[in-house]
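Chemist: Supplied in structure tokens, the structure appears directly below.
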Amino acid sequence: YLMSDIKGQARVIIENVQPQVDGGLYPAKFTTGDLVKVTADIFGDGHDHIRAQVLFKKASNESWSTLELKPQWNDNWAASFHVDEKGFYLFTIRAWMDHFETWYDGFVKKAKAGVDVHVELMEGAAFLKKIGKGDPYFQSLAETFTAKEKYIEAVEKILSPTFSKIVHEHPVIDHETFFERELKLIVESKKASFSAWYELFPRSASLEGKHGTFKDVIKLLPRVASMGFDVLYLPPIHPIGKVNRKGKNNNVKAEAGEPGSPWAIGSDEGGHKSIHPKLGSLADFKKLVGEARKLDIEIAMDIAFQCAPDHPYVSDHPQWFKQRPDGSIQYAENPPKKYQDIYPFNFESEDWKQLWEELRSVFEFWIEQGVKIFRVDNPHTKPIRFWQWLIAEVNRKHEDIIFLSEAFTRPRIMASLAKVGFTQSYTYFTWRVTKEEITEYLNELVHTGSRYYFRPNFWPNTPDILPFHLQHQGENIFILRLALAATLSSSFGIYGPAYEFYDNQPMPGREEYLDSEKYEIKKHDWKKTNRMTDIITLLNRARKNHPALQSTWNLHFCTIQDQNLLAYVKATEDLTDIFLIIVNLDPNQRHSGFVQLPKERLKLGDHVNIKVHDLITDEHYTWTQEWNYVELDPFKMPFHLFKVEIRESNM
């Protein structure tokens, strides 16, 4: 360092300020009503007292609010503030050696020890004049301190609670240290972190088994709403390619009349801004969006940036695709898988700017039709800088647009997509099965820095994935995996009819559905309800009625004496809403054990007295011990959803 660059009288060091993402390169994410917990490592030389403050404001405001940071342990300091409005916020930290407080602490110790403090009174008078700035009260107090005949009176005044309050409320701020940058937060709508998704193929929405339409989907809206879902996600609704169309079970050749995969987008009937003619018109789609909204359901649209060979883009903009030496266009591959019905865009095209603008306009078009939620297919196969630009462009013009990243890929790529703007992300939950796997993964999501940018959305299945643990299994495993998804994460989703009706038949040796709906129209009995329908409804009702279940970040695992039992608490900050969830991870056997209540987290006293009410089975228990016996028979119910009431004797 050059001496001219050093503020030599500043003695406080500020490090490890949180929340921040990559040193402030990206904003940390929150939603309205969230409590922002700011922490930092703050220390200095010697034994002088340190004071510190958080300065925060909405980015559009001129004035800053200040909040005192308080020491926690090992030089770590913390403070919290609520964010109630959407938009960008800024915050930073300042800290200083408070010589007034240092003097006061020393004075109290000396006076109580009977040490002469005449000189210390003179020092105190100087501090009062500095903080008082001519105020008559402080001036009078300073005169008392310097009057020898008022020595005893002065000491008594300093030892009084009133003077302690003066010291705390009037810090002497000299030679302060500011953190090196202003960090940014983004605050989004509650839906960004709390949602329940139901996925269905609109072409399978007909009760008669013929090709479904948007009008058929409208008829299903009350059913979806009655189960408590607030997002209805539709796979691509565009015209499907006719060239190299895939047949049943991903057969490379479609038979006559087979509908093809909706992800093979585009034909002579149109592309990404068009609708498959058999689904209906654009007016029908807009009516679906409007009717859904009346039931507090948002339509989520699939955006898959890839083209069938006969998509208009291929003929109109061949420069956007990779040309092979034989003159053909490179189709998509994930060896040994081949997707002859799909052409990926070439993002290294010389015409990349026009490509980017056109793809941005796809989002703009559907936003104009009323869509506010997009599930983006395989974003990890497109440049991350492209998504950073596109999402920023969309958010600059439109409020409350949600982007769900469907990227089952390597952790750093998933993280980077979240950092550059994706609102929510698919996760590895689909494959986390054992107690150890689940606790390790959730602790990583909840208790590390990724919580500031990676909002998980838990899916137990998707049209692409029938995980091995669901294959050839009965309803117990489907119920317990649903309970985990809906209570561990504040956002979750299911590929609806397949999950509701326990579709468990795989392609041999693969995590894919046999007779997949991706390649054929299914006839579902949409009037049918079952145990799963009821449990979905009860879970979603509890989630909507209880704020403790509306956050992912309040998760606390509990000790329980069985490797097949998983127990965790979710509670609001003020403990006005508390849940204890216990899940039997073994779908075939009864398990029992003792669960330990987290007394410190729940602020329980030595005499435990709580009532637990299972909102699924309507069972009630009173617990008066720290350790309590639980037993779960998966054939009766594989989980407890306990609403916890702490009796007043504990508080």
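Ligands are numbered from 1 in the order shown, residues from 1 within each chain, and chains are lettered A, B, ... in the order they appear in the structure tokens.
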Write out as a Markdown table a residue-level contact list of range 336-400 of chain A versus range 165-188 of chain A with cut-off 12 Å: for each qualifying residue the closest pair of atoms and the distance in Å to one decimal, counting only C-alpha atoms, rows sorted by chain and residue number upward.

Modeler:
```
| residue | atom | partner | partner_atom | distance |
| --- | --- | --- | --- | --- |
| A:Asn395 | CA | A:Glu188 | CA | 10.8 |
| A:Glu399 | CA | A:Glu188 | CA | 8.9 |
| A:Asp400 | CA | A:Glu188 | CA | 7.0 |
```

Chemist: Please return, as an mmCIF file with all heavy atoms, in the first residue's frame, all residues of range 358-574 of chain A that DSSP assigns to strand (DSSP E or B) on the basis of the backbone.

Modeler:
```cif
data_model
loop_
_atom_site.group_PDB
_atom_site.id
_atom_site.type_symbol
_atom_site.label_atom_id
_atom_site.label_comp_id
_atom_site.auth_asym_id
_atom_site.auth_seq_id
_atom_site.Cartn_x
_atom_site.Cartn_y
_atom_site.Cartn_z
ATOM 1 N N ILE A 373 -44.981 -16.858 -15.545
ATOM 2 C CA ILE A 373 -44.079 -17.894 -15.035
ATOM 3 C C ILE A 373 -43.600 -18.756 -16.198
ATOM 4 O O ILE A 373 -44.404 -19.211 -17.026
ATOM 5 C CB ILE A 373 -44.777 -18.781 -13.983
ATOM 6 C CG1 ILE A 373 -45.280 -17.925 -12.814
ATOM 7 C CG2 ILE A 373 -43.835 -19.860 -13.474
ATOM 8 C CD1 ILE A 373 -46.003 -18.718 -11.734
ATOM 9 N N PHE A 374 -42.290 -18.960 -16.250
ATOM 10 C CA PHE A 374 -41.698 -19.759 -17.317
ATOM 11 C C PHE A 374 -40.814 -20.846 -16.719
ATOM 12 O O PHE A 374 -39.940 -20.562 -15.898
ATOM 13 C CB PHE A 374 -40.866 -18.881 -18.254
ATOM 14 C CG PHE A 374 -41.670 -17.840 -18.966
ATOM 15 C CD1 PHE A 374 -41.782 -16.556 -18.444
ATOM 16 C CD2 PHE A 374 -42.332 -18.129 -20.148
ATOM 17 C CE1 PHE A 374 -42.532 -15.588 -19.090
ATOM 18 C CE2 PHE A 374 -43.089 -17.170 -20.800
ATOM 19 C CZ PHE A 374 -43.189 -15.889 -20.273
ATOM 20 N N ARG A 375 -41.040 -22.085 -17.124
ATOM 21 C CA ARG A 375 -40.144 -23.190 -16.819
ATOM 22 C C ARG A 375 -39.244 -23.325 -18.034
ATOM 23 O O ARG A 375 -39.707 -23.605 -19.149
ATOM 24 C CB ARG A 375 -40.950 -24.451 -16.545
ATOM 25 C CG ARG A 375 -40.119 -25.694 -16.230
ATOM 26 C CD ARG A 375 -39.843 -26.456 -17.494
ATOM 27 N NE ARG A 375 -39.464 -27.846 -17.253
ATOM 28 C CZ ARG A 375 -39.021 -28.646 -18.208
ATOM 29 N NH1 ARG A 375 -38.890 -28.211 -19.449
ATOM 30 N NH2 ARG A 375 -38.707 -29.900 -17.943
ATOM 31 N N VAL A 376 -37.962 -23.096 -17.846
ATOM 32 C CA VAL A 376 -37.024 -23.063 -18.968
ATOM 33 C C VAL A 376 -36.351 -24.423 -19.092
ATOM 34 O O VAL A 376 -35.699 -24.905 -18.165
ATOM 35 C CB VAL A 376 -35.980 -21.947 -18.793
ATOM 36 C CG1 VAL A 376 -35.003 -21.963 -19.957
ATOM 37 C CG2 VAL A 376 -36.684 -20.592 -18.700
ATOM 38 N N ASP A 377 -36.503 -25.031 -20.261
ATOM 39 C CA ASP A 377 -35.995 -26.373 -20.513
ATOM 40 C C ASP A 377 -34.489 -26.336 -20.785
ATOM 41 O O ASP A 377 -34.018 -25.580 -21.650
ATOM 42 C CB ASP A 377 -36.736 -26.954 -21.727
ATOM 43 C CG ASP A 377 -36.392 -28.398 -21.994
ATOM 44 O OD1 ASP A 377 -36.833 -29.256 -21.221
ATOM 45 O OD2 ASP A 377 -35.670 -28.667 -22.977
ATOM 46 N N ILE A 402 -41.320 -14.994 -13.211
ATOM 47 C CA ILE A 402 -40.595 -16.077 -12.543
ATOM 48 C C ILE A 402 -39.993 -17.002 -13.587
ATOM 49 O O ILE A 402 -40.677 -17.424 -14.532
ATOM 50 C CB ILE A 402 -41.535 -16.861 -11.603
ATOM 51 C CG1 ILE A 402 -41.937 -15.970 -10.416
ATOM 52 C CG2 ILE A 402 -40.887 -18.152 -11.108
ATOM 53 C CD1 ILE A 402 -42.999 -16.584 -9.527
ATOM 54 N N PHE A 403 -38.708 -17.300 -13.418
ATOM 55 C CA PHE A 403 -37.992 -18.218 -14.302
ATOM 56 C C PHE A 403 -37.552 -19.426 -13.480
ATOM 57 O O PHE A 403 -36.791 -19.282 -12.520
ATOM 58 C CB PHE A 403 -36.751 -17.547 -14.896
ATOM 59 C CG PHE A 403 -37.026 -16.337 -15.754
ATOM 60 C CD1 PHE A 403 -37.163 -15.074 -15.182
ATOM 61 C CD2 PHE A 403 -37.147 -16.452 -17.125
ATOM 62 C CE1 PHE A 403 -37.406 -13.954 -15.963
ATOM 63 C CE2 PHE A 403 -37.395 -15.337 -17.921
ATOM 64 C CZ PHE A 403 -37.523 -14.091 -17.333
ATOM 65 N N LEU A 404 -38.037 -20.620 -13.853
ATOM 66 C CA LEU A 404 -37.622 -21.859 -13.199
ATOM 67 C C LEU A 404 -36.600 -22.558 -14.082
ATOM 68 O O LEU A 404 -36.877 -22.876 -15.246
ATOM 69 C CB LEU A 404 -38.828 -22.766 -12.966
ATOM 70 C CG LEU A 404 -38.524 -24.191 -12.478
ATOM 71 C CD1 LEU A 404 -37.806 -24.181 -11.127
ATOM 72 C CD2 LEU A 404 -39.806 -25.018 -12.396
ATOM 73 N N SER A 405 -35.430 -22.808 -13.530
ATOM 74 C CA SER A 405 -34.342 -23.448 -14.268
ATOM 75 C C SER A 405 -34.464 -24.961 -14.183
ATOM 76 O O SER A 405 -34.312 -25.540 -13.109
ATOM 77 C CB SER A 405 -32.993 -22.990 -13.694
ATOM 78 O OG SER A 405 -31.941 -23.795 -14.175
ATOM 79 N N GLU A 406 -34.714 -25.608 -15.327
ATOM 80 C CA GLU A 406 -34.780 -27.068 -15.369
ATOM 81 C C GLU A 406 -33.403 -27.570 -15.818
ATOM 82 O O GLU A 406 -33.187 -27.920 -16.973
ATOM 83 C CB GLU A 406 -35.877 -27.534 -16.334
ATOM 84 C CG GLU A 406 -36.131 -29.032 -16.301
ATOM 85 C CD GLU A 406 -35.462 -29.796 -17.435
ATOM 86 O OE1 GLU A 406 -34.919 -29.156 -18.362
ATOM 87 O OE2 GLU A 406 -35.496 -31.037 -17.398
ATOM 88 N N GLN A 424 -36.052 -19.695 -9.548
ATOM 89 C CA GLN A 424 -36.103 -20.983 -8.855
ATOM 90 C C GLN A 424 -35.316 -22.001 -9.665
ATOM 91 O O GLN A 424 -35.047 -21.786 -10.852
ATOM 92 C CB GLN A 424 -37.548 -21.473 -8.697
ATOM 93 C CG GLN A 424 -38.453 -20.570 -7.880
ATOM 94 C CD GLN A 424 -39.880 -21.112 -7.796
ATOM 95 O OE1 GLN A 424 -40.175 -22.230 -8.227
ATOM 96 N NE2 GLN A 424 -40.780 -20.316 -7.239
ATOM 97 N N SER A 425 -34.986 -23.119 -9.013
ATOM 98 C CA SER A 425 -34.157 -24.128 -9.675
ATOM 99 C C SER A 425 -34.624 -25.532 -9.313
ATOM 100 O O SER A 425 -34.941 -25.811 -8.157
ATOM 101 C CB SER A 425 -32.691 -23.979 -9.260
ATOM 102 O OG SER A 425 -32.202 -22.679 -9.527
ATOM 103 N N PRO A 456 -34.594 -23.523 -4.180
ATOM 104 C CA PRO A 456 -34.921 -24.869 -4.663
ATOM 105 C C PRO A 456 -36.402 -25.065 -4.919
ATOM 106 O O PRO A 456 -37.249 -24.501 -4.234
ATOM 107 C CB PRO A 456 -34.437 -25.770 -3.527
ATOM 108 C CG PRO A 456 -34.497 -24.911 -2.304
ATOM 109 C CD PRO A 456 -34.212 -23.509 -2.755
ATOM 110 N N PHE A 458 -38.635 -28.539 -5.366
ATOM 111 C CA PHE A 458 -38.482 -29.994 -5.228
ATOM 112 C C PHE A 458 -39.539 -30.732 -6.062
ATOM 113 O O PHE A 458 -40.738 -30.512 -5.864
ATOM 114 C CB PHE A 458 -38.605 -30.409 -3.765
ATOM 115 C CG PHE A 458 -37.357 -30.200 -2.953
ATOM 116 C CD1 PHE A 458 -36.251 -29.549 -3.471
ATOM 117 C CD2 PHE A 458 -37.289 -30.667 -1.651
ATOM 118 C CE1 PHE A 458 -35.100 -29.358 -2.719
ATOM 119 C CE2 PHE A 458 -36.152 -30.494 -0.885
ATOM 120 C CZ PHE A 458 -35.052 -29.832 -1.416
ATOM 121 N N THR A 462 -40.712 -36.156 -12.830
ATOM 122 C CA THR A 462 -40.971 -35.279 -13.976
ATOM 123 C C THR A 462 -41.318 -36.191 -15.153
ATOM 124 O O THR A 462 -41.107 -37.407 -15.079
ATOM 125 C CB THR A 462 -39.752 -34.404 -14.353
ATOM 126 O OG1 THR A 462 -38.795 -35.208 -15.054
ATOM 127 C CG2 THR A 462 -39.104 -33.766 -13.127
ATOM 128 N N ILE A 465 -38.291 -38.165 -15.765
ATOM 129 C CA ILE A 465 -37.633 -38.915 -14.697
ATOM 130 C C ILE A 465 -38.651 -39.678 -13.851
ATOM 131 O O ILE A 465 -39.471 -39.087 -13.143
ATOM 132 C CB ILE A 465 -36.820 -37.971 -13.782
ATOM 133 C CG1 ILE A 465 -35.828 -37.144 -14.593
ATOM 134 C CG2 ILE A 465 -36.091 -38.776 -12.708
ATOM 135 C CD1 ILE A 465 -35.248 -35.966 -13.833
ATOM 136 N N SER A 491 -41.151 -24.402 -2.262
ATOM 137 C CA SER A 491 -41.686 -24.602 -3.611
ATOM 138 C C SER A 491 -41.495 -26.060 -4.002
ATOM 139 O O SER A 491 -40.421 -26.631 -3.803
ATOM 140 C CB SER A 491 -40.982 -23.697 -4.626
ATOM 141 O OG SER A 491 -41.335 -22.349 -4.442
ATOM 142 N N PHE A 492 -42.554 -26.665 -4.528
ATOM 143 C CA PHE A 492 -42.453 -28.042 -4.982
ATOM 144 C C PHE A 492 -43.405 -28.240 -6.146
ATOM 145 O O PHE A 492 -44.284 -27.413 -6.413
ATOM 146 C CB PHE A 492 -42.777 -29.025 -3.846
ATOM 147 C CG PHE A 492 -44.252 -29.292 -3.652
ATOM 148 C CD1 PHE A 492 -44.830 -30.469 -4.103
ATOM 149 C CD2 PHE A 492 -45.070 -28.354 -3.030
ATOM 150 C CE1 PHE A 492 -46.184 -30.722 -3.931
ATOM 151 C CE2 PHE A 492 -46.425 -28.589 -2.848
ATOM 152 C CZ PHE A 492 -46.986 -29.789 -3.304
ATOM 153 N N GLY A 493 -43.222 -29.349 -6.855
ATOM 154 C CA GLY A 493 -44.111 -29.645 -7.966
ATOM 155 C C GLY A 493 -44.177 -31.128 -8.220
ATOM 156 O O GLY A 493 -43.305 -31.893 -7.798
ATOM 157 N N ILE A 494 -45.233 -31.551 -8.917
ATOM 158 C CA ILE A 494 -45.351 -32.937 -9.352
ATOM 159 C C ILE A 494 -45.791 -32.967 -10.804
ATOM 160 O O ILE A 494 -46.521 -32.087 -11.271
ATOM 161 C CB ILE A 494 -46.353 -33.753 -8.493
ATOM 162 C CG1 ILE A 494 -47.757 -33.114 -8.507
ATOM 163 C CG2 ILE A 494 -45.847 -33.938 -7.082
ATOM 164 C CD1 ILE A 494 -48.833 -33.971 -7.839
ATOM 165 N N TYR A 495 -45.284 -33.962 -11.520
ATOM 166 C CA TYR A 495 -45.850 -34.300 -12.820
ATOM 167 C C TYR A 495 -47.132 -35.031 -12.493
ATOM 168 O O TYR A 495 -47.154 -36.199 -12.165
ATOM 169 C CB TYR A 495 -44.841 -35.121 -13.607
ATOM 170 C CG TYR A 495 -45.373 -35.884 -14.794
ATOM 171 C CD1 TYR A 495 -46.384 -35.361 -15.615
ATOM 172 C CD2 TYR A 495 -44.860 -37.134 -15.105
ATOM 173 C CE1 TYR A 495 -46.864 -36.073 -16.702
ATOM 174 C CE2 TYR A 495 -45.323 -37.851 -16.192
ATOM 175 C CZ TYR A 495 -46.325 -37.324 -16.986
ATOM 176 O OH TYR A 495 -46.796 -38.038 -18.067
ATOM 177 N N PRO A 506 -41.429 -48.458 -15.507
ATOM 178 C CA PRO A 506 -40.315 -47.810 -16.210
ATOM 179 C C PRO A 506 -39.956 -48.521 -17.510
ATOM 180 O O PRO A 506 -40.334 -49.674 -17.749
ATOM 181 C CB PRO A 506 -39.177 -47.974 -15.206
ATOM 182 C CG PRO A 506 -39.447 -49.329 -14.594
ATOM 183 C CD PRO A 506 -40.961 -49.472 -14.537
ATOM 184 N N TYR A 513 -40.270 -43.268 -17.954
ATOM 185 C CA TYR A 513 -41.571 -43.921 -17.966
ATOM 186 C C TYR A 513 -41.725 -44.805 -19.204
ATOM 187 O O TYR A 513 -41.345 -44.416 -20.306
ATOM 188 C CB TYR A 513 -42.694 -42.879 -17.967
ATOM 189 C CG TYR A 513 -42.915 -42.211 -16.629
ATOM 190 C CD1 TYR A 513 -42.298 -41.001 -16.329
ATOM 191 C CD2 TYR A 513 -43.740 -42.785 -15.676
ATOM 192 C CE1 TYR A 513 -42.497 -40.381 -15.102
ATOM 193 C CE2 TYR A 513 -43.955 -42.176 -14.452
ATOM 194 C CZ TYR A 513 -43.330 -40.979 -14.175
ATOM 195 O OH TYR A 513 -43.531 -40.375 -12.960
ATOM 196 N N LEU A 555 -35.457 -24.424 8.214
ATOM 197 C CA LEU A 555 -35.392 -25.864 8.472
ATOM 198 C C LEU A 555 -34.378 -26.194 9.563
ATOM 199 O O LEU A 555 -33.250 -25.691 9.546
ATOM 200 C CB LEU A 555 -35.013 -26.586 7.176
ATOM 201 C CG LEU A 555 -34.815 -28.097 7.247
ATOM 202 C CD1 LEU A 555 -36.146 -28.795 7.486
ATOM 203 C CD2 LEU A 555 -34.166 -28.604 5.962
ATOM 204 N N HIS A 556 -34.790 -27.046 10.507
ATOM 205 C CA HIS A 556 -33.905 -27.490 11.590
ATOM 206 C C HIS A 556 -34.136 -28.979 11.815
ATOM 207 O O HIS A 556 -35.232 -29.384 12.218
ATOM 208 C CB HIS A 556 -34.199 -26.703 12.871
ATOM 209 C CG HIS A 556 -33.353 -27.102 14.041
ATOM 210 N ND1 HIS A 556 -32.230 -26.399 14.428
ATOM 211 C CD2 HIS A 556 -33.467 -28.144 14.907
ATOM 212 C CE1 HIS A 556 -31.691 -26.998 15.482
ATOM 213 N NE2 HIS A 556 -32.425 -28.056 15.793
ATOM 214 N N PHE A 557 -33.137 -29.799 11.527
ATOM 215 C CA PHE A 557 -33.276 -31.241 11.723
ATOM 216 C C PHE A 557 -33.183 -31.593 13.210
ATOM 217 O O PHE A 557 -32.410 -30.990 13.958
ATOM 218 C CB PHE A 557 -32.215 -32.009 10.946
ATOM 219 C CG PHE A 557 -32.477 -32.051 9.458
ATOM 220 C CD1 PHE A 557 -31.707 -31.301 8.579
ATOM 221 C CD2 PHE A 557 -33.500 -32.828 8.946
ATOM 222 C CE1 PHE A 557 -31.947 -31.329 7.223
ATOM 223 C CE2 PHE A 557 -33.756 -32.856 7.586
ATOM 224 C CZ PHE A 557 -32.975 -32.106 6.716
ATOM 225 N N ILE A 560 -33.391 -38.152 16.082
ATOM 226 C CA ILE A 560 -34.413 -39.187 16.273
ATOM 227 C C ILE A 560 -33.730 -40.550 16.156
ATOM 228 O O ILE A 560 -32.876 -40.758 15.298
ATOM 229 C CB ILE A 560 -35.581 -39.029 15.273
ATOM 230 C CG1 ILE A 560 -36.739 -39.969 15.640
ATOM 231 C CG2 ILE A 560 -35.137 -39.213 13.845
ATOM 232 C CD1 ILE A 560 -38.045 -39.638 14.937
ATOM 233 N N LEU A 565 -36.204 -42.939 10.226
ATOM 234 C CA LEU A 565 -37.089 -41.835 10.591
ATOM 235 C C LEU A 565 -36.341 -40.515 10.445
ATOM 236 O O LEU A 565 -35.227 -40.362 10.953
ATOM 237 C CB LEU A 565 -37.597 -41.994 12.025
ATOM 238 C CG LEU A 565 -38.512 -43.185 12.296
ATOM 239 C CD1 LEU A 565 -38.889 -43.240 13.775
ATOM 240 C CD2 LEU A 565 -39.763 -43.130 11.426
ATOM 241 N N LEU A 566 -36.959 -39.589 9.750
ATOM 242 C CA LEU A 566 -36.400 -38.250 9.548
ATOM 243 C C LEU A 566 -37.319 -37.258 10.244
ATOM 244 O O LEU A 566 -38.534 -37.254 10.004
ATOM 245 C CB LEU A 566 -36.310 -37.937 8.054
ATOM 246 C CG LEU A 566 -35.684 -36.597 7.664
ATOM 247 C CD1 LEU A 566 -34.181 -36.610 7.940
ATOM 248 C CD2 LEU A 566 -35.942 -36.283 6.186
ATOM 249 N N ALA A 567 -36.750 -36.413 11.097
ATOM 250 C CA ALA A 567 -37.551 -35.440 11.845
ATOM 251 C C ALA A 567 -36.958 -34.054 11.671
ATOM 252 O O ALA A 567 -35.733 -33.886 11.698
ATOM 253 C CB ALA A 567 -37.606 -35.813 13.322
ATOM 254 N N TYR A 568 -37.827 -33.061 11.500
ATOM 255 C CA TYR A 568 -37.346 -31.687 11.356
ATOM 256 C C TYR A 568 -38.425 -30.705 11.784
ATOM 257 O O TYR A 568 -39.629 -30.991 11.709
ATOM 258 C CB TYR A 568 -36.890 -31.394 9.925
ATOM 259 C CG TYR A 568 -37.810 -31.866 8.816
ATOM 260 C CD1 TYR A 568 -38.702 -31.002 8.189
ATOM 261 C CD2 TYR A 568 -37.754 -33.181 8.364
ATOM 262 C CE1 TYR A 568 -39.512 -31.427 7.150
ATOM 263 C CE2 TYR A 568 -38.567 -33.623 7.334
ATOM 264 C CZ TYR A 568 -39.444 -32.747 6.723
ATOM 265 O OH TYR A 568 -40.260 -33.174 5.697
ATOM 266 N N VAL A 569 -37.944 -29.563 12.264
ATOM 267 C CA VAL A 569 -38.817 -28.475 12.712
ATOM 268 C C VAL A 569 -38.750 -27.347 11.709
ATOM 269 O O VAL A 569 -37.682 -27.040 11.158
ATOM 270 C CB VAL A 569 -38.390 -27.979 14.112
ATOM 271 C CG1 VAL A 569 -38.937 -26.596 14.404
ATOM 272 C CG2 VAL A 569 -38.857 -28.950 15.190
ATOM 273 N N LYS A 570 -39.908 -26.723 11.475
ATOM 274 C CA LYS A 570 -39.963 -25.469 10.712
ATOM 275 C C LYS A 570 -40.791 -24.490 11.546
ATOM 276 O O LYS A 570 -41.916 -24.820 11.953
ATOM 277 C CB LYS A 570 -40.571 -25.679 9.332
ATOM 278 C CG LYS A 570 -39.827 -26.708 8.497
ATOM 279 C CD LYS A 570 -40.213 -26.645 7.033
ATOM 280 C CE LYS A 570 -39.324 -25.685 6.275
ATOM 281 N NZ LYS A 570 -39.581 -25.710 4.817
ATOM 282 N N ALA A 571 -40.224 -23.320 11.796
ATOM 283 C CA ALA A 571 -40.893 -22.355 12.672
ATOM 284 C C ALA A 571 -40.652 -20.942 12.173
ATOM 285 O O ALA A 571 -39.609 -20.644 11.577
ATOM 286 C CB ALA A 571 -40.380 -22.492 14.106
#
```

Chemist: As number ranges by chain, please: every residue in range 149-234 of chain A that a backbone DSSP assignment puts in helix (DSSP H, G or I).

Modeler: A: 149-158, 161-169, 190-192, 202-204, 214-226
